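> Dropping in target01.txt, which is compact mmCIF, C-alpha atoms:
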# COMPACT_ATOMS: atom_id res chain seq x y z
CA MET S 782 -15.74 0.05 1.65
CA ILE S 783 -12.06 -0.24 2.47
CA ILE S 784 -9.30 -0.40 -0.15
CA ILE S 785 -5.80 -1.57 0.74
CA PHE S 786 -2.71 -0.18 -0.99
CA LYS S 787 0.70 -1.73 -0.69
CA PHE S 788 3.86 0.11 -1.74
CA GLY S 789 7.16 -1.75 -1.89
CA GLY S 790 10.61 -0.47 -1.06
CA THR S 791 11.35 0.66 -4.61
CA SER S 792 8.35 2.99 -4.61
CA ILE S 793 9.80 4.96 -1.68
CA LYS S 794 13.53 4.54 -2.34
CA ASP S 795 14.20 8.22 -3.09
CA ILE S 796 12.69 11.71 -3.05
CA GLU S 797 11.29 11.48 -6.57
CA ASN S 798 9.41 8.26 -5.90
CA ILE S 799 8.15 9.41 -2.51
CA LYS S 800 6.61 12.48 -4.15
CA ARG S 801 5.09 10.26 -6.83
CA VAL S 802 3.43 8.13 -4.15
CA ALA S 803 1.99 11.28 -2.56
CA GLU S 804 0.51 12.29 -5.92
CA ILE S 805 -1.09 8.87 -6.36
CA LEU S 806 -2.66 9.02 -2.91
CA ASP S 807 -4.15 12.45 -3.64
CA ASP S 808 -6.25 10.81 -6.36
CA TYR S 809 -7.78 8.47 -3.76
CA SER S 810 -8.39 11.01 -1.00
CA ASP S 811 -12.12 10.15 -0.82
CA GLU S 812 -11.52 6.42 -0.24
CA SER S 813 -11.20 4.56 3.06
CA LEU S 814 -7.56 3.56 2.59
CA ILE S 815 -5.18 1.35 4.49
CA ILE S 816 -1.68 1.95 3.12
CA VAL S 817 0.97 -0.71 3.75
CA PHE S 818 4.62 0.26 3.26
CA SER S 819 7.73 -1.89 3.04
CA ALA S 820 11.12 -0.65 4.22
CA MET S 821 12.61 2.03 1.98
CA GLY S 822 14.81 1.04 -0.96
CA LYS S 823 17.31 -1.66 0.02
CA VAL S 824 17.06 -1.01 3.77
CA THR S 825 16.02 -4.61 4.51
CA ASN S 826 19.25 -5.80 2.88
CA MET S 827 21.23 -3.21 4.83
CA LEU S 828 19.71 -4.33 8.13
CA GLU S 829 20.42 -7.95 7.24
CA ASP S 830 24.08 -6.92 6.93
CA VAL S 831 23.86 -5.33 10.39
CA THR S 832 22.41 -8.56 11.78
CA GLU S 833 25.16 -10.70 10.21
CA ALA S 834 27.90 -8.46 11.61
CA TYR S 835 26.26 -8.47 15.05
CA LEU S 836 26.17 -12.27 15.16
CA LYS S 837 29.73 -12.63 13.88
CA LYS S 838 30.92 -10.15 16.54
CA ASN S 839 33.40 -8.71 14.05
CA GLY S 840 33.04 -5.12 15.25
CA LYS S 841 31.39 -3.99 12.02
CA ALA S 842 27.76 -3.86 13.15
CA GLU S 843 27.88 -0.19 14.15
CA THR S 844 29.59 0.74 10.88
CA LYS S 845 26.94 -1.04 8.87
CA LEU S 846 24.21 0.55 10.96
CA LYS S 847 25.68 3.96 10.13
CA VAL S 848 25.02 3.21 6.44
CA VAL S 849 21.32 2.76 7.28
CA LYS S 850 21.32 5.94 9.38
CA ASP S 851 22.98 7.96 6.62
CA PHE S 852 20.46 6.73 4.04
CA HIS S 853 17.53 7.90 6.17
CA ALA S 854 19.28 11.11 7.22
CA HIS S 855 19.63 12.10 3.57
CA LEU S 856 15.91 11.52 2.94
CA LEU S 857 14.92 13.41 6.08
CA GLY S 858 17.06 16.37 5.07
CA GLU S 859 15.31 16.52 1.68
CA LEU S 860 11.78 16.05 3.00
CA PHE S 861 11.63 17.99 6.28
CA GLU S 862 12.88 21.19 7.83
CA GLU S 863 15.45 20.93 10.60
CA GLY S 864 13.83 20.45 13.99
CA HIS S 865 10.79 18.57 12.72
CA PHE S 866 9.50 16.00 15.24
CA ILE S 867 10.23 13.14 12.82
CA TYR S 868 13.97 13.44 13.50
CA ASN S 869 13.43 12.37 17.12
CA GLU S 870 11.12 9.52 16.14
CA VAL S 871 13.64 8.15 13.65
CA ASN S 872 16.47 8.50 16.16
CA ASN S 873 14.45 6.59 18.77
CA LEU S 874 14.00 3.70 16.35
CA PHE S 875 17.73 3.51 15.73
CA VAL S 876 18.25 3.49 19.50
CA GLU S 877 16.14 0.31 19.61
CA ILE S 878 18.64 -1.36 17.27
CA GLU S 879 21.58 -0.04 19.30
CA TRP S 880 20.09 -1.59 22.44
CA VAL S 881 19.99 -4.96 20.66
CA LEU S 882 23.60 -4.60 19.52
CA GLU S 883 24.73 -3.91 23.10
CA ASP S 884 23.43 -7.30 24.29
CA GLU S 885 24.76 -10.78 23.60
CA PRO S 886 23.04 -12.38 20.59
CA ASN S 887 20.20 -14.77 21.20
CA PRO S 888 21.14 -18.37 20.23
CA ASP S 889 18.29 -18.28 17.72
CA PHE S 890 19.50 -16.43 14.60
CA ALA S 891 15.93 -15.90 13.39
CA PHE S 892 14.96 -14.13 16.62
CA ASN S 893 17.86 -11.69 16.28
CA TYR S 894 16.97 -11.14 12.64
CA ASP S 895 13.38 -10.17 13.37
CA GLN S 896 14.21 -7.74 16.18
CA ILE S 897 16.67 -5.82 13.97
CA VAL S 898 15.34 -6.10 10.41
CA SER S 899 11.74 -5.25 11.38
CA ILE S 900 12.84 -1.69 12.24
CA GLY S 901 13.07 -0.94 8.51
CA GLU S 902 9.28 -0.94 8.19
CA MET S 903 8.89 1.15 11.34
CA LEU S 904 11.23 3.77 9.88
CA SER S 905 9.54 3.93 6.49
CA THR S 906 6.01 4.26 7.88
CA LYS S 907 6.96 6.94 10.42
CA ILE S 908 8.63 8.98 7.68
CA MET S 909 5.85 8.49 5.13
CA SER S 910 3.11 9.27 7.64
CA ALA S 911 4.83 12.52 8.65
CA TYR S 912 5.61 13.53 5.06
CA LEU S 913 2.08 12.90 3.83
CA SER S 914 0.60 14.85 6.74
CA GLU S 915 2.94 17.76 5.97
CA ASN S 916 1.58 17.76 2.43
CA GLY S 917 -2.11 17.76 3.26
CA PHE S 918 -2.79 14.02 3.36
CA GLU S 919 -3.88 13.59 6.97
CA ASN S 920 -3.53 10.03 8.21
CA SER S 921 -3.36 7.76 11.24
CA TRP S 922 -0.19 5.73 11.91
CA LEU S 923 -0.89 2.21 13.17
CA ASP S 924 1.63 -0.27 14.55
CA ALA S 925 1.04 -3.56 12.69
CA ARG S 926 2.27 -5.42 15.78
CA ASP S 927 -0.90 -4.28 17.55
CA ILE S 928 -3.15 -6.03 15.03
CA ILE S 929 -1.25 -8.95 13.48
CA ARG S 930 -0.75 -11.74 16.03
CA THR S 931 1.58 -14.60 15.15
CA ASP S 932 3.29 -17.63 16.61
CA ASN S 933 7.01 -17.50 17.46
CA LYS S 934 8.35 -19.03 14.25
CA TYR S 935 10.72 -16.14 13.62
CA ARG S 936 11.51 -15.11 10.01
CA ASN S 937 8.44 -17.03 8.80
CA ALA S 938 5.75 -16.53 11.40
CA GLU S 939 2.33 -18.15 11.12
CA ILE S 940 -0.75 -15.99 11.61
CA ASP S 941 -3.15 -16.45 14.52
CA TRP S 942 -6.16 -15.63 12.36
CA LYS S 943 -8.76 -15.54 15.13
CA GLN S 944 -6.92 -12.98 17.25
CA THR S 945 -5.74 -11.00 14.23
CA ILE S 946 -9.30 -10.61 12.93
CA THR S 947 -10.47 -9.47 16.38
CA PHE S 948 -7.63 -6.93 16.73
CA CYS S 949 -8.20 -5.57 13.22
CA LYS S 950 -11.89 -4.99 13.79
CA ASP S 951 -11.20 -3.33 17.14
CA LYS S 952 -8.31 -1.06 16.13
CA VAL S 953 -8.83 -0.21 12.45
CA THR S 954 -11.24 2.68 12.77
CA TYR S 955 -9.89 5.98 11.39
CA PHE S 956 -8.93 6.35 7.73
CA PRO S 957 -6.61 6.71 5.93
CA ILE S 958 -4.29 4.45 7.93
CA ILE S 959 -0.58 3.92 7.36
CA THR S 960 0.95 0.71 8.67
CA GLN S 961 3.86 -1.66 8.18
CA GLY S 962 4.11 -4.70 5.99
CA PHE S 963 6.22 -7.76 6.83
CA ILE S 964 5.88 -7.66 10.63
CA GLY S 965 3.71 -9.07 13.39
CA CYS S 966 3.92 -9.81 17.10
CA THR S 967 3.81 -12.83 19.39
CA SER S 968 1.62 -13.13 22.48
CA GLU S 969 4.84 -12.47 24.47
CA ASN S 970 5.23 -9.12 22.68
CA PHE S 971 8.23 -10.07 20.54
CA THR S 972 8.38 -8.81 16.98
CA THR S 973 8.16 -11.39 14.20
CA THR S 974 8.49 -11.19 10.42
CA LEU S 975 6.34 -12.98 7.85
CA GLY S 976 9.04 -14.02 5.38
CA ARG S 977 10.93 -12.10 2.70
CA GLU S 978 8.60 -9.91 0.60
CA GLY S 979 6.00 -10.39 3.35
CA SER S 980 4.44 -6.94 2.93
CA ASP S 981 2.16 -8.32 0.21
CA PHE S 982 1.00 -10.93 2.69
CA THR S 983 0.24 -8.20 5.23
CA ALA S 984 -2.08 -6.54 2.72
CA ALA S 985 -3.89 -9.86 2.19
CA ILE S 986 -4.18 -10.49 5.94
CA LEU S 987 -5.82 -7.11 6.49
CA ALA S 988 -8.06 -7.62 3.46
CA PHE S 989 -9.30 -10.96 4.78
CA ALA S 990 -9.78 -9.69 8.33
CA LEU S 991 -11.72 -6.59 7.28
CA ASP S 992 -13.63 -7.88 4.22
CA VAL S 993 -12.22 -5.13 2.03
CA LYS S 994 -13.35 -4.24 -1.49
CA GLN S 995 -9.99 -4.40 -3.23
CA VAL S 996 -6.22 -4.72 -2.77
CA ILE S 997 -3.82 -2.80 -5.01
CA ILE S 998 -0.10 -3.58 -5.03
CA TRP S 999 1.94 -0.77 -6.59
CA LYS S 1000 5.06 -1.90 -8.47
CA ASP S 1001 7.82 -0.38 -10.61
CA VAL S 1002 6.63 -2.54 -13.54
CA ASP S 1003 3.38 -2.26 -15.49
CA GLY S 1004 1.75 -5.23 -13.79
CA VAL S 1005 2.29 -8.98 -13.54
CA LEU S 1006 4.78 -9.90 -16.26
CA ASN S 1007 5.34 -13.36 -17.70
CA ALA S 1008 9.05 -13.13 -16.80
CA ASP S 1009 11.43 -11.07 -14.70
CA PRO S 1010 12.79 -8.26 -16.92
CA ARG S 1011 16.15 -8.56 -15.17
CA PHE S 1012 16.63 -11.95 -16.85
CA PHE S 1013 14.47 -11.74 -19.98
CA LYS S 1014 14.35 -9.01 -22.62
CA ASP S 1015 10.97 -9.69 -24.22
CA THR S 1016 8.40 -9.79 -21.43
CA GLU S 1017 4.63 -9.52 -21.74
CA GLN S 1018 2.06 -8.35 -19.23
CA LEU S 1019 -0.51 -10.84 -17.96
CA MET S 1020 -3.80 -8.93 -17.81
CA LYS S 1021 -6.11 -11.43 -16.11
CA ILE S 1022 -4.80 -14.13 -13.79
CA PRO S 1023 -6.98 -16.72 -12.02
CA PHE S 1024 -6.39 -17.04 -8.29
CA GLU S 1025 -5.18 -20.63 -8.79
CA GLU S 1026 -2.64 -19.58 -11.40
CA ALA S 1027 -1.34 -16.75 -9.19
CA ILE S 1028 -0.89 -19.23 -6.33
CA GLU S 1029 1.16 -21.49 -8.60
CA LEU S 1030 3.32 -18.62 -9.87
CA ALA S 1031 3.95 -17.30 -6.35
CA TYR S 1032 4.68 -20.76 -4.96
CA TYR S 1033 7.30 -21.40 -7.63
CA GLY S 1034 9.01 -18.11 -6.82
CA ALA S 1035 7.54 -15.34 -8.98
CA LYS S 1036 8.83 -12.09 -7.45
CA VAL S 1037 5.62 -10.19 -8.02
CA MET S 1038 4.03 -11.44 -4.77
CA HIS S 1039 4.60 -13.36 -1.55
CA PRO S 1040 3.54 -17.05 -1.81
CA LYS S 1041 0.99 -16.74 1.00
CA THR S 1042 -0.70 -13.64 -0.41
CA ILE S 1043 -3.32 -15.12 -2.69
CA GLN S 1044 -5.17 -17.72 -0.61
CA PRO S 1045 -6.75 -15.29 1.90
CA LEU S 1046 -7.97 -13.16 -1.01
CA GLN S 1047 -9.32 -16.16 -2.90
CA ARG S 1048 -11.26 -17.32 0.16
CA LYS S 1049 -13.32 -14.12 0.01
CA SER S 1050 -13.05 -13.40 -3.74
CA ILE S 1051 -11.20 -10.13 -3.13
CA PRO S 1052 -9.54 -9.00 -6.37
CA LEU S 1053 -5.84 -8.11 -6.33
CA GLU S 1054 -4.76 -5.41 -8.75
CA VAL S 1055 -1.08 -4.94 -9.63
CA LYS S 1056 -0.45 -1.40 -10.88
CA SER S 1057 2.53 0.68 -11.91
CA PHE S 1058 3.35 3.59 -9.61
CA ILE S 1059 5.47 4.99 -12.45
CA ASN S 1060 2.59 4.86 -14.98
CA PRO S 1061 -0.52 4.78 -12.77
CA LYS S 1062 -2.87 5.42 -15.71
CA LYS S 1063 -1.72 2.27 -17.52
CA GLU S 1064 -4.04 -0.73 -17.50
CA SER S 1065 -3.19 -2.99 -14.58
CA SER S 1066 -3.05 -6.75 -14.08
CA ILE S 1067 -5.89 -8.22 -12.06
CA ILE S 1068 -5.86 -11.47 -10.10
CA GLY S 1069 -9.37 -12.71 -9.51
CA ASP S 1070 -12.12 -15.21 -10.28
CA TYR S 1071 -11.09 -15.99 -13.84
CA LYS S 1072 -11.00 -19.35 -15.60
CA LEU S 1073 -7.87 -18.85 -17.73
CA VAL S 1074 -4.86 -16.56 -17.70
CA GLU S 1075 -4.96 -13.87 -20.41
CA PRO S 1076 -2.93 -13.83 -22.56
CA PHE S 1077 -2.25 -17.56 -22.41
CA ILE S 1078 1.54 -17.63 -22.83
CA PRO S 1079 4.48 -19.32 -21.04
CA SER S 1080 5.57 -17.72 -17.76
CA TYR S 1081 9.21 -17.96 -16.66
CA ILE S 1082 10.34 -17.96 -13.04
CA VAL S 1083 13.98 -17.80 -11.96
CA LYS S 1084 15.35 -18.79 -8.56
CA GLU S 1085 19.09 -18.24 -8.15
CA ASN S 1086 21.47 -19.44 -5.43
CA GLN S 1087 20.03 -22.96 -5.33
CA ILE S 1088 21.54 -26.12 -3.88
CA LEU S 1089 20.58 -29.59 -5.12
CA ILE S 1090 20.77 -32.16 -2.32
CA SER S 1091 20.65 -35.90 -3.09
CA VAL S 1092 20.00 -38.28 -0.20
CA SER S 1093 20.53 -42.05 -0.24
CA ASP S 1094 20.44 -44.88 2.28
CA LYS S 1095 23.85 -45.73 3.76
CA ASN S 1096 23.05 -49.43 3.57
CA LEU S 1097 22.42 -49.20 -0.18
CA SER S 1098 18.74 -49.92 0.36
CA PHE S 1099 15.84 -48.46 -1.59
CA ILE S 1100 14.47 -45.07 -0.55
CA VAL S 1101 11.05 -45.90 0.93
CA GLU S 1102 8.35 -44.10 2.89
CA GLU S 1103 10.08 -44.32 6.27
CA HIS S 1104 13.19 -42.68 4.78
CA LEU S 1105 11.11 -39.89 3.26
CA SER S 1106 9.37 -39.32 6.59
CA SER S 1107 12.72 -38.91 8.35
CA ILE S 1108 14.08 -36.63 5.61
CA PHE S 1109 11.07 -34.30 5.69
CA THR S 1110 11.19 -34.19 9.48
CA ILE S 1111 14.77 -32.89 9.24
CA PHE S 1112 13.81 -30.29 6.62
CA ALA S 1113 10.95 -29.10 8.85
CA LYS S 1114 13.29 -28.93 11.85
CA TYR S 1115 15.56 -26.46 10.07
CA GLY S 1116 12.75 -24.56 8.36
CA VAL S 1117 13.98 -25.34 4.84
CA ARG S 1118 11.35 -25.10 2.12
CA VAL S 1119 11.63 -27.47 -0.84
CA ASN S 1120 11.40 -25.81 -4.27
CA MET S 1121 11.52 -29.05 -6.26
CA MET S 1122 11.83 -32.74 -5.42
CA GLN S 1123 12.50 -35.91 -7.36
CA ASN S 1124 13.02 -39.47 -6.23
CA SER S 1125 14.40 -42.65 -7.76
CA ALA S 1126 14.70 -46.13 -6.34
CA VAL S 1127 17.90 -45.37 -4.44
CA SER S 1128 17.97 -41.60 -3.93
CA PHE S 1129 15.81 -38.60 -3.13
CA SER S 1130 16.80 -35.19 -4.53
CA VAL S 1131 15.58 -31.75 -3.52
CA CYS S 1132 16.35 -28.28 -4.79
CA VAL S 1133 16.25 -25.55 -2.12
CA ASP S 1134 17.37 -21.98 -1.55
CA TYR S 1135 20.87 -21.83 -0.09
CA ASP S 1136 20.75 -20.19 3.34
CA SER S 1137 24.06 -20.00 5.21
CA HIS S 1138 22.29 -20.29 8.58
CA LYS S 1139 20.09 -23.28 7.67
CA ILE S 1140 21.76 -25.44 5.03
CA PRO S 1141 25.08 -26.37 6.74
CA PRO S 1142 23.38 -27.71 9.90
CA LEU S 1143 20.73 -29.38 7.74
CA LEU S 1144 23.41 -31.22 5.76
CA ASN S 1145 25.20 -32.25 8.96
CA CYS S 1146 21.98 -33.67 10.35
CA LEU S 1147 21.15 -35.57 7.15
CA GLN S 1148 24.67 -37.04 7.03
CA GLU S 1149 24.17 -38.70 10.41
CA ASP S 1150 21.77 -41.26 8.89
CA PHE S 1151 22.07 -40.92 5.12
CA GLY S 1152 24.55 -40.62 2.32
CA VAL S 1153 24.43 -37.02 1.07
CA LEU S 1154 25.71 -35.42 -2.14
CA PHE S 1155 25.06 -31.84 -3.17
CA ASN S 1156 25.68 -29.31 -5.93
CA GLU S 1157 25.81 -25.59 -5.13
CA ASN S 1158 25.52 -22.35 -7.15
CA LEU S 1159 22.67 -23.60 -9.29
CA THR S 1160 19.67 -21.86 -10.84
CA LEU S 1161 16.14 -23.24 -10.92
CA TYR S 1162 14.01 -22.25 -13.91
CA THR S 1163 10.28 -22.94 -13.77
CA ILE S 1164 8.14 -22.56 -16.88
CA ARG S 1165 4.35 -22.52 -16.55
CA HIS S 1166 2.40 -23.46 -19.70
CA TYR S 1167 5.58 -24.35 -21.54
CA ASN S 1168 5.73 -25.23 -25.22
CA GLU S 1169 8.27 -27.03 -27.40
CA ASP S 1170 10.69 -24.13 -27.75
CA SER S 1171 10.08 -22.28 -24.48
CA ASN S 1172 13.05 -23.88 -22.70
CA GLU S 1173 15.62 -23.78 -25.52
CA LYS S 1174 16.76 -20.23 -24.82
CA LEU S 1175 17.25 -21.05 -21.13
CA LEU S 1176 19.87 -23.72 -21.78
CA THR S 1177 22.32 -21.69 -23.85
CA ASN S 1178 25.77 -21.91 -22.19
CA LYS S 1179 24.27 -23.90 -19.32
CA GLU S 1180 24.58 -27.46 -18.10
CA LEU S 1181 21.26 -29.16 -17.39
CA VAL S 1182 21.59 -30.88 -14.00
CA LEU S 1183 18.03 -32.05 -13.47
CA GLU S 1184 14.73 -31.81 -15.36
CA GLN S 1185 11.19 -32.42 -14.15
CA LYS S 1186 8.10 -32.12 -16.30
CA SER S 1187 4.36 -32.26 -15.63
CA ARG S 1188 1.35 -31.36 -17.75
CA HIS S 1189 1.57 -27.59 -17.19
CA THR S 1190 4.97 -27.01 -15.61
CA ILE S 1191 8.59 -27.81 -16.30
CA HIS S 1192 11.49 -27.36 -13.84
CA LEU S 1193 15.07 -27.06 -15.05
CA VAL S 1194 17.96 -27.09 -12.59
CA VAL S 1195 20.98 -25.69 -14.41
CA LYS S 1196 24.58 -24.66 -13.82
CA ASP S 1197 26.38 -21.99 -15.81
CA MET S 1198 29.13 -23.42 -18.02
CA GLU S 1199 32.63 -22.33 -17.09
So, in terms of structure tokens, how does the structure I just supplied come out?


Amino acid sequence: MIIIFKFGGTSIKDIENIKRVAEILDDYSDESLIIVFSAMGKVTNMLEDVTEAYLKKNGKAETKLKVVKDFHAHLLGELFEEGHFIYNEVNNLFVEIEWVLEDEPNPDFAFNYDQIVSIGEMLSTKIMSAYLSENGFENSWLDARDIIRTDNKYRNAEIDWKQTITFCKDKVTYFPIITQGFIGCTSENFTTTLGREGSDFTAAILAFALDVKQVIIWKDVDGVLNADPRFFKDTEQLMKIPFEEAIELAYYGAKVMHPKTIQPLQRKSIPLEVKSFINPKKESSIIGDYKLVEPFIPSYIVKENQILISVSDKNLSFIVEEHLSSIFTIFAKYGVRVNMMQNSAVSFSVCVDYDSHKIPPLLNCLQEDFGVLFNENLTLYTIRHYNEDSNEKLLTNKELVLEQKSRHTIHLVVKDME
């Protein structure tokens, strides 16, 4: 039976971690593995900077691309002898970006984004495949664009499941396989991406298509924690998480997994294990067919850089179904996902991620037919299984802008006090 591993960018950000990954894989040498890698370290962020400079035509794209080149050159110099074939392969991938930069940008920002940023995963998998082979872990490199077919909704592509399943069964034959997370391909042969942190989703897609035994996501934390340790000091590991609970946590923005990851696994009852690549012997968190989360404690999710948009009728009328239909049509047009919504008799408020390429045109479009007010630089806290004192510590030195409470979940939109 097949097992799928997914390693994120942190796990291959430097020489020490890359060697640690190689040691982990040695312990699974007898398994039929598919290994999914994200881009190395912060390379996705670096390539996003390249894309922004390219679109602004400020002459800085090549300089920012050099930062990406230098990062990979340093790793290559530490991992391989001079003259190794991998140097040419890496150079050829950078040439692909240079070709894009030589042309005029496509009017669609998302298309430009996918053609440039997707190269991060190509670079990481080429390097990791070569390094592992050099160190006795023979493997086959597979281009994910040959097996994952999508539509042309760039930056958040939808999967063509029928074709993807067919391609996977035809092309996934020799193990172990190394392939890319995050990316797919349209029927016109253009590269697409599956959304930020989409490498987890790639692992789930392959698991569903191939009826695998297990998926293991390797993280730099011990497992699924009840809060992000960057924001909270006292975190606890969740050991058993029902599929439904994991879907809720991911949907509300938990960083441990992509929102679309869980449903394909749940459909076929494929367990998802979240393990530490730093302490691989430590007990992991498992998402599976459980009834309750263990331990049963509040979970805290933080989404920064939020904007709260309040929409009202210009004629001072009530907000009714036809208004909501028009509002959601506009949000769908600009590909803006709603993190929280609340309506009153005369207004409809939504909290969304601020995206400089989506939100300004969205606001302009809304203002054509509605009155629009908004607050920027907000943070959205979501607490699952909250109790009486679970939100008190969140509101210290913060202004509560909006609160929404249901049986199991509370949302708090807050602004830091000046």

> Which of these residues is nearest to Gln1123 in chain S, using all atoms listed in the file: S:Asp1170, S:Asp1150, S:Glu1184, S:Asp927?

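Of S:Asp1170, S:Asp1150, S:Glu1184, S:Asp927, the one nearest Gln1123 in chain S is S:Glu1184, counting all atoms listed in the file.
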
> Calculated over all atoms listed in the file, which of the candidates S:Arg977, S:Arg1165, S:Lys950, S:Lys845 has the smallest distance to Ile1028 in chain S?

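That would be S:Arg1165, the residue with the smallest distance to Ile1028 in chain S.
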
> Tell me which protein, DNA and RNA residues are within 8 Å of range 1009-1026 of chain S, counting only C-alpha atoms, leaving out same-chain ones fewer than 3 positions away, and put them as number ranges by chain.

S: 1003-1006, 1029-1030, 1036, 1043-1044, 1047, 1065-1076, 1081-1083

> Could you tell me which of S:Leu882, S:Val993, S:Leu923, S:Leu1159 comes closest to Ile785 in chain S if we count all atoms listed in the file?

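Closest to Ile785 in chain S of all the choices is S:Val993.
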
> Measure the distance from CA of Glu1180 in chain S to CA of His1192 in chain S in Å and round it to one decimal.

13.8 Å

> What does the distance between CA of Thr967 in chain S and CA of His1138 in chain S come to in Å, to one decimal place?

22.7 Å

> For the atom pair CA of Ile784 in chain S and CA of Ala1008 in chain S, what is the interatomic distance in Å to one decimal place?

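Distance reported for this atom pair: 27.9 Å.
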
> Which residue is closest to Thr1177 in chain S? Choose from S:Val831, S:Val1195, S:Ile959, S:Ala1027 and count only C-alpha atoms.

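For Thr1177 in chain S, the nearest of the given residues is S:Val1195.
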
> Considering only C-alpha atoms, return as a ChimeraX atom specification whatever protein or nucleic-acid residues lie within 8 Å of Thr791 in chain S, sequence-local ones (same chain, fewer than 2 positions apart) excluded.

/S:789,793-794,798,821-823,1000-1001

> Anything within 8 Å of (-0.4, -13.3, 19.1): list those residues as a ChimeraX atom specification, counting only C-alpha atoms and sticking to the file's coordinates.

/S:929-932,940-941,944-945,966-970

> Of the candidates S:Leu1181, S:Val881, S:Ile900, S:Ile998, which shows the shortest atom-to-atom distance to Phe982 in chain S, using all atoms listed in the file?

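With all atoms listed in the file as the atom set, the closest residue is S:Ile998.
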
> Set the distance at 12 Å and use all atoms listed in the file: which residues neighbour Leu814 in chain S once local chain neighbours fewer than 4 positions away are removed? I'd like the list as JSON, numbers by chain.

{"S": [782, 783, 784, 785, 786, 787, 806, 807, 808, 809, 810, 918, 919, 920, 921, 953, 954, 955, 956, 957, 958, 959, 960, 984, 987, 988, 991, 993, 994, 995, 996, 997]}

> Considering only C-alpha atoms, state which residue in the set S:Gln1087, S:Ser819, S:Ser1098, S:Thr1163 is at the smallest distance from Asp1134 in chain S.

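For Asp1134 in chain S, the nearest of the candidates is S:Gln1087.
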
> If we count only C-alpha atoms and set the cut-off at 10 Å, which residues sit around Glu939 in chain S, ignoring sequence neighbours fewer than 3 positions away in its own chain? Please answer as a PDB file with C-alpha atoms, in the coordinates of the input.


ATOM      1  CA  ARG S 930      -0.750 -11.740  16.030  1.00  0.00           C
ATOM      2  CA  THR S 931       1.580 -14.600  15.150  1.00  0.00           C
ATOM      3  CA  ASP S 932       3.290 -17.630  16.610  1.00  0.00           C
ATOM      4  CA  ASN S 933       7.010 -17.500  17.460  1.00  0.00           C
ATOM      5  CA  LYS S 934       8.350 -19.030  14.250  1.00  0.00           C
ATOM      6  CA  TYR S 935      10.720 -16.140  13.620  1.00  0.00           C
ATOM      7  CA  ARG S 936      11.510 -15.110  10.010  1.00  0.00           C
ATOM      8  CA  TRP S 942      -6.160 -15.630  12.360  1.00  0.00           C
ATOM      9  CA  GLY S 965       3.710  -9.070  13.390  1.00  0.00           C
ATOM     10  CA  THR S 967       3.810 -12.830  19.390  1.00  0.00           C
ATOM     11  CA  THR S 973       8.160 -11.390  14.200  1.00  0.00           C
ATOM     12  CA  THR S 974       8.490 -11.190  10.420  1.00  0.00           C
ATOM     13  CA  LEU S 975       6.340 -12.980   7.850  1.00  0.00           C
ATOM     14  CA  GLY S 976       9.040 -14.020   5.380  1.00  0.00           C
TER      15      GLY S 976
END

> Fewer than 2 positions away in the same chain doesn't count, so skip those; otherwise give me all residues within 10 Å of Ile1059 in chain S, counting all atoms listed in the file, as a VMD selection string.

chain S and resid 792 798 801 to 802 805 999 to 1003 1056 to 1057 1061 to 1063

> Kindly write range 1117-1124 of chain S with N, CA, C and O atoms to a file, as a CSV table (one decimal), in the first residue's frame.


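What ended up in part_30.csv:
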chain,number,residue,atom,x,y,z
S,1117,VAL,N,-13.0,36.7,-3.7
S,1117,VAL,CA,-12.7,37.0,-2.3
S,1117,VAL,C,-13.5,36.1,-1.4
S,1117,VAL,O,-14.7,36.1,-1.4
S,1118,ARG,N,-12.8,35.4,-0.5
S,1118,ARG,CA,-13.4,34.4,0.4
S,1118,ARG,C,-13.8,35.1,1.7
S,1118,ARG,O,-13.0,35.9,2.3
S,1119,VAL,N,-15.0,34.9,2.2
S,1119,VAL,CA,-15.5,35.5,3.4
S,1119,VAL,C,-15.1,34.7,4.6
S,1119,VAL,O,-15.4,33.5,4.7
S,1120,ASN,N,-14.4,35.3,5.6
S,1120,ASN,CA,-14.0,34.6,6.8
S,1120,ASN,C,-15.1,34.7,7.9
S,1120,ASN,O,-15.2,33.7,8.7
S,1121,MET,N,-15.9,35.7,7.9
S,1121,MET,CA,-17.0,35.9,8.8
S,1121,MET,C,-18.0,36.8,8.3
S,1121,MET,O,-17.6,37.8,7.6
S,1122,MET,N,-19.3,36.6,8.6
S,1122,MET,CA,-20.3,37.5,8.1
S,1122,MET,C,-21.3,37.8,9.1
S,1122,MET,O,-21.6,36.9,10.0
S,1123,GLN,N,-22.0,38.9,9.1
S,1123,GLN,CA,-23.0,39.3,10.1
S,1123,GLN,C,-23.9,40.3,9.4
S,1123,GLN,O,-23.4,41.2,8.8
S,1124,ASN,N,-25.2,40.1,9.6
S,1124,ASN,CA,-26.1,41.1,9.0
S,1124,ASN,C,-27.1,41.6,10.0
S,1124,ASN,O,-27.4,41.0,11.0
